[in-house]
Amino acid sequence: AIPKEMLPVGRKPVLEHVIEELRNCNIEQVLMVISPRKDMIKTYFGDGQRWGIKIDYVVQPVMAGLGDAILQGQSWVGSDSFVVAFGDCLIESAKAMALQRVIDTYHSYGPSAVCLTEEVDDESVSKYGIIDPVALRSQNDFKLLIHEVKRIVEKPTIVDAPSRLAVSARWALHPEIFQALGDCPKSSGKELGLTEGIQTLLRSSKRVMAVQLSKDERR
């Protein structure tokens, strides 16, 4: 079976578009977290030289959630801040400006985490993590909203959703997320999500922010 990340969009697989998005944000090194059955990805991308970016790989032995996948990269990341980009999800944004705004917000405000968000319709809120925004700020350079995040509710009902702003597949994270994920309770057979680590940061009074996609951008 072809991994979702390698399904074609235009003449390129999804993941190739993501790699180009990262390169357009001046990211020079990428770690791909892959499952044992996704050798096709490693064969296709190799060391990344073809795309002008350095690519390393780590195998996630068991598909145990996004939080667990991020933990696989702890030794590779070390003490650096880093970006997380879902390999099976495209962001339509001219010149990768959506991800660049996430990175710029991280550097400008110094939070522990910044996520990209998209406003979704009522019928879609139950499919995503939905942020609970507590304040809005105008980002003058882009005239877009930046949100302070109080909490993230995973796949809520329409009634329980704190907003219509869904987390959208891109993050900028401080390395303290590794400790936060490590502190999450372990349940047998249950996957570890990134949201659990973010909630741990919020309970520790760490700052989490979100950057909203503009009307001409979409996940």
# chains A, B, ... in the order shown; residues from 1 in each chain; ligands from 1

call {"tool": "residues_around", "arguments": {"residues": "A:Arg164", "least_positions_apart": "3", "cutoff": "7 Å", "atoms": "only C-alpha atoms", "output": "PyMOL selection string"}}
result
chain A and resi 119-121+125+130

call {"tool": "select_by_dssp", "arguments": {"residues": "stretch 35-189 of chain A", "states": "strand (DSSP E)", "output": "ChimeraX atom specification"}}
result
/A:54-59,82-85,113-119,129-139,144-154,165-173

call {"tool": "write_last_selection", "arguments": {"atoms": "N, CA and C atoms", "output": "compact mmCIF listing (two decimals), in the first residue's frame"}}
result
# COMPACT_ATOMS: atom_id res chain seq x y z
N LYS A 54 18.72 18.80 4.43
CA LYS A 54 19.28 17.57 5.00
C LYS A 54 18.17 16.78 5.70
N ILE A 55 18.00 15.52 5.32
CA ILE A 55 16.95 14.70 5.88
C ILE A 55 17.55 13.51 6.63
N ASP A 56 17.13 13.35 7.88
CA ASP A 56 17.45 12.18 8.68
C ASP A 56 16.15 11.43 8.97
N TYR A 57 16.28 10.22 9.49
CA TYR A 57 15.11 9.38 9.73
C TYR A 57 15.19 8.72 11.09
N VAL A 58 14.02 8.50 11.68
CA VAL A 58 13.91 7.68 12.88
C VAL A 58 12.64 6.85 12.74
N VAL A 59 12.70 5.60 13.18
CA VAL A 59 11.56 4.71 13.07
C VAL A 59 10.77 4.73 14.38
N PHE A 82 11.92 23.71 17.52
CA PHE A 82 11.72 22.98 16.27
C PHE A 82 10.29 23.14 15.77
N VAL A 83 10.10 22.79 14.51
CA VAL A 83 8.80 22.82 13.85
C VAL A 83 8.30 21.40 13.68
N VAL A 84 7.00 21.19 13.84
CA VAL A 84 6.36 19.93 13.51
C VAL A 84 5.41 20.18 12.34
N ALA A 85 5.58 19.39 11.28
CA ALA A 85 4.71 19.49 10.10
C ALA A 85 4.19 18.10 9.78
N ALA A 113 4.76 27.12 22.81
CA ALA A 113 4.23 26.46 21.62
C ALA A 113 3.37 27.43 20.82
N VAL A 114 3.43 27.28 19.50
CA VAL A 114 2.54 28.02 18.60
C VAL A 114 1.99 27.01 17.60
N CYS A 115 0.68 27.03 17.41
CA CYS A 115 0.08 26.16 16.40
C CYS A 115 -0.59 27.00 15.32
N LEU A 116 -0.77 26.39 14.17
CA LEU A 116 -1.57 26.99 13.11
C LEU A 116 -3.02 26.58 13.32
N THR A 117 -3.94 27.48 13.07
CA THR A 117 -5.36 27.15 13.22
C THR A 117 -6.14 27.60 11.99
N GLU A 118 -7.25 26.92 11.78
CA GLU A 118 -8.15 27.25 10.68
C GLU A 118 -9.58 27.27 11.20
N GLU A 119 -10.36 28.26 10.81
CA GLU A 119 -11.76 28.30 11.19
C GLU A 119 -12.54 27.27 10.37
N GLY A 129 -8.79 18.92 16.96
CA GLY A 129 -8.58 19.61 18.22
C GLY A 129 -8.99 21.06 18.04
N ILE A 130 -9.79 21.58 18.96
CA ILE A 130 -10.32 22.95 18.85
C ILE A 130 -9.75 23.79 19.98
N ILE A 131 -9.20 24.96 19.65
CA ILE A 131 -8.59 25.79 20.67
C ILE A 131 -9.64 26.64 21.38
N ASP A 132 -9.35 26.95 22.63
CA ASP A 132 -10.15 27.87 23.43
C ASP A 132 -9.34 29.16 23.52
N PRO A 133 -9.63 30.17 22.68
CA PRO A 133 -8.84 31.40 22.68
C PRO A 133 -9.28 32.33 23.81
N VAL A 134 -8.30 32.95 24.47
CA VAL A 134 -8.62 33.85 25.58
C VAL A 134 -8.31 35.30 25.26
N ALA A 135 -7.58 35.55 24.19
CA ALA A 135 -7.28 36.94 23.80
C ALA A 135 -6.92 36.95 22.33
N LEU A 136 -7.10 38.08 21.71
CA LEU A 136 -6.74 38.24 20.32
C LEU A 136 -5.76 39.38 20.18
N ARG A 137 -4.81 39.19 19.29
CA ARG A 137 -3.83 40.25 19.04
C ARG A 137 -3.72 40.46 17.53
N SER A 138 -3.53 41.69 17.12
CA SER A 138 -3.34 41.98 15.71
C SER A 138 -1.86 41.93 15.38
N GLN A 139 -1.52 41.14 14.39
CA GLN A 139 -0.13 41.07 13.94
C GLN A 139 0.02 42.04 12.78
N LEU A 144 -3.31 39.75 10.53
CA LEU A 144 -3.99 38.51 10.86
C LEU A 144 -4.07 38.38 12.38
N LEU A 145 -4.94 37.51 12.84
CA LEU A 145 -5.12 37.35 14.27
C LEU A 145 -4.15 36.33 14.84
N ILE A 146 -3.65 36.69 16.01
CA ILE A 146 -2.88 35.77 16.83
C ILE A 146 -3.69 35.53 18.09
N HIS A 147 -3.82 34.30 18.48
CA HIS A 147 -4.65 33.94 19.61
C HIS A 147 -3.82 33.42 20.78
N GLU A 148 -4.16 33.85 21.97
CA GLU A 148 -3.68 33.18 23.17
C GLU A 148 -4.55 31.94 23.37
N VAL A 149 -3.96 30.83 23.74
CA VAL A 149 -4.70 29.59 23.88
C VAL A 149 -4.85 29.22 25.35
N LYS A 150 -6.08 29.03 25.77
CA LYS A 150 -6.35 28.62 27.15
C LYS A 150 -6.32 27.10 27.29
N ARG A 151 -6.84 26.41 26.29
CA ARG A 151 -6.86 24.95 26.29
C ARG A 151 -7.17 24.47 24.88
N ILE A 152 -6.98 23.18 24.65
CA ILE A 152 -7.37 22.55 23.41
C ILE A 152 -8.30 21.40 23.75
N VAL A 153 -9.45 21.36 23.10
CA VAL A 153 -10.42 20.29 23.32
C VAL A 153 -10.39 19.37 22.12
N GLU A 154 -10.09 18.08 22.34
CA GLU A 154 -9.98 17.14 21.24
C GLU A 154 -11.36 16.67 20.78
N LEU A 165 -12.07 27.21 15.86
CA LEU A 165 -10.69 27.26 15.39
C LEU A 165 -10.00 25.92 15.63
N ALA A 166 -9.74 25.22 14.53
CA ALA A 166 -9.15 23.88 14.60
C ALA A 166 -7.64 23.94 14.44
N VAL A 167 -6.94 23.13 15.23
CA VAL A 167 -5.49 22.99 15.09
C VAL A 167 -5.19 22.39 13.72
N SER A 168 -4.24 22.99 13.01
CA SER A 168 -4.08 22.67 11.58
C SER A 168 -2.66 22.26 11.20
N ALA A 169 -2.17 21.19 11.81
CA ALA A 169 -1.07 20.39 11.24
C ALA A 169 0.31 21.05 11.21
N ARG A 170 0.49 22.19 11.85
CA ARG A 170 1.81 22.83 11.92
C ARG A 170 2.00 23.41 13.32
N TRP A 171 3.20 23.17 13.87
CA TRP A 171 3.54 23.67 15.20
C TRP A 171 4.97 24.21 15.22
N ALA A 172 5.22 25.18 16.07
CA ALA A 172 6.57 25.55 16.49
C ALA A 172 6.63 25.29 17.99
N LEU A 173 7.66 24.55 18.43
CA LEU A 173 7.69 24.06 19.80
C LEU A 173 9.03 24.30 20.47

call {"tool": "residues_around", "arguments": {"residues": "A:Glu28", "least_positions_apart": "5", "cutoff": "10 Å", "atoms": "only C-alpha atoms", "output": "ChimeraX atom specification"}}
result
/A:22-23,48,52-55

call {"tool": "residues_around", "arguments": {"residues": "A:Cys25", "least_positions_apart": "5", "cutoff": "8 Å", "atoms": "only C-alpha atoms", "output": "list in words"}}
result
Ala96, Leu99 and Gln100 of chain A

call {"tool": "select_by_dssp", "arguments": {"residues": "stretch 3-215 of chain A", "states": "helix (DSSP H, G or I)", "output": "PyMOL selection string"}}
result
chain A and resi 4-6+14-24+39-45+49-51+66-71+74-77+94-109+122-127+177-182+194-203

call {"tool": "closest_residue", "arguments": {"among": "A:Ser205, A:Ser35, A:Gln212, A:Gln49", "to": "A:Pro61", "atoms": "only C-alpha atoms"}}
result
A:Ser35

call {"tool": "atom_distance", "arguments": {"atom1": "atom CA of A:Gly46", "atom2": "atom CA of A:Met32"}}
result
10.8 Å

call {"tool": "closest_residue", "arguments": {"among": "A:Ile2, A:Val18, A:Cys89, A:Ile70", "to": "A:Val33", "atoms": "only C-alpha atoms"}}
result
A:Ile70

call {"tool": "residues_around", "arguments": {"residues": "stretch 178-180 of chain A", "least_positions_apart": "5", "cutoff": "7 Å", "atoms": "only C-alpha atoms", "output": "number ranges by chain"}}
result
A: 71, 74, 197, 200-201

call {"tool": "residues_around", "arguments": {"residues": "A:Ile198", "least_positions_apart": "4", "cutoff": "10 Å", "atoms": "only C-alpha atoms", "output": "list in words"}}
result
Gly67, Ser112, Ala113, Arg151, Ile152, Leu173, Ile177, Ala180, Leu181, Gly193, Leu194, Leu202, Arg203, Ser204, Lys206, Arg207 and Val208 of chain A

call {"tool": "closest_residue", "arguments": {"among": "A:Cys184, A:Val159, A:Ile41, A:Ala94", "to": "A:Glu217", "atoms": "only C-alpha atoms"}}
result
A:Ala94

call {"tool": "atom_distance", "arguments": {"atom1": "atom CA of A:Lys215", "atom2": "atom CA of A:Leu66"}}
result
27.7 Å

call {"tool": "atom_distance", "arguments": {"atom1": "atom CA of A:Val30", "atom2": "atom CA of A:Lys127"}}
result
27.8 Å

call {"tool": "closest_residue", "arguments": {"among": "A:Pro13, A:Leu7, A:His174, A:Ser126", "to": "A:His107", "atoms": "only C-alpha atoms"}}
result
A:His174

call {"tool": "closest_residue", "arguments": {"among": "A:Ser93, A:Gln60, A:Ser79, A:Thr43", "to": "A:Asn24", "atoms": "only C-alpha atoms"}}
result
A:Ser93

call {"tool": "residues_around", "arguments": {"residues": "A:Met63", "least_positions_apart": "5", "cutoff": "9 Å", "atoms": "only C-alpha atoms", "output": "list in words"}}
result
Ser35, Asp68, Ala69 and Glu191 of chain A
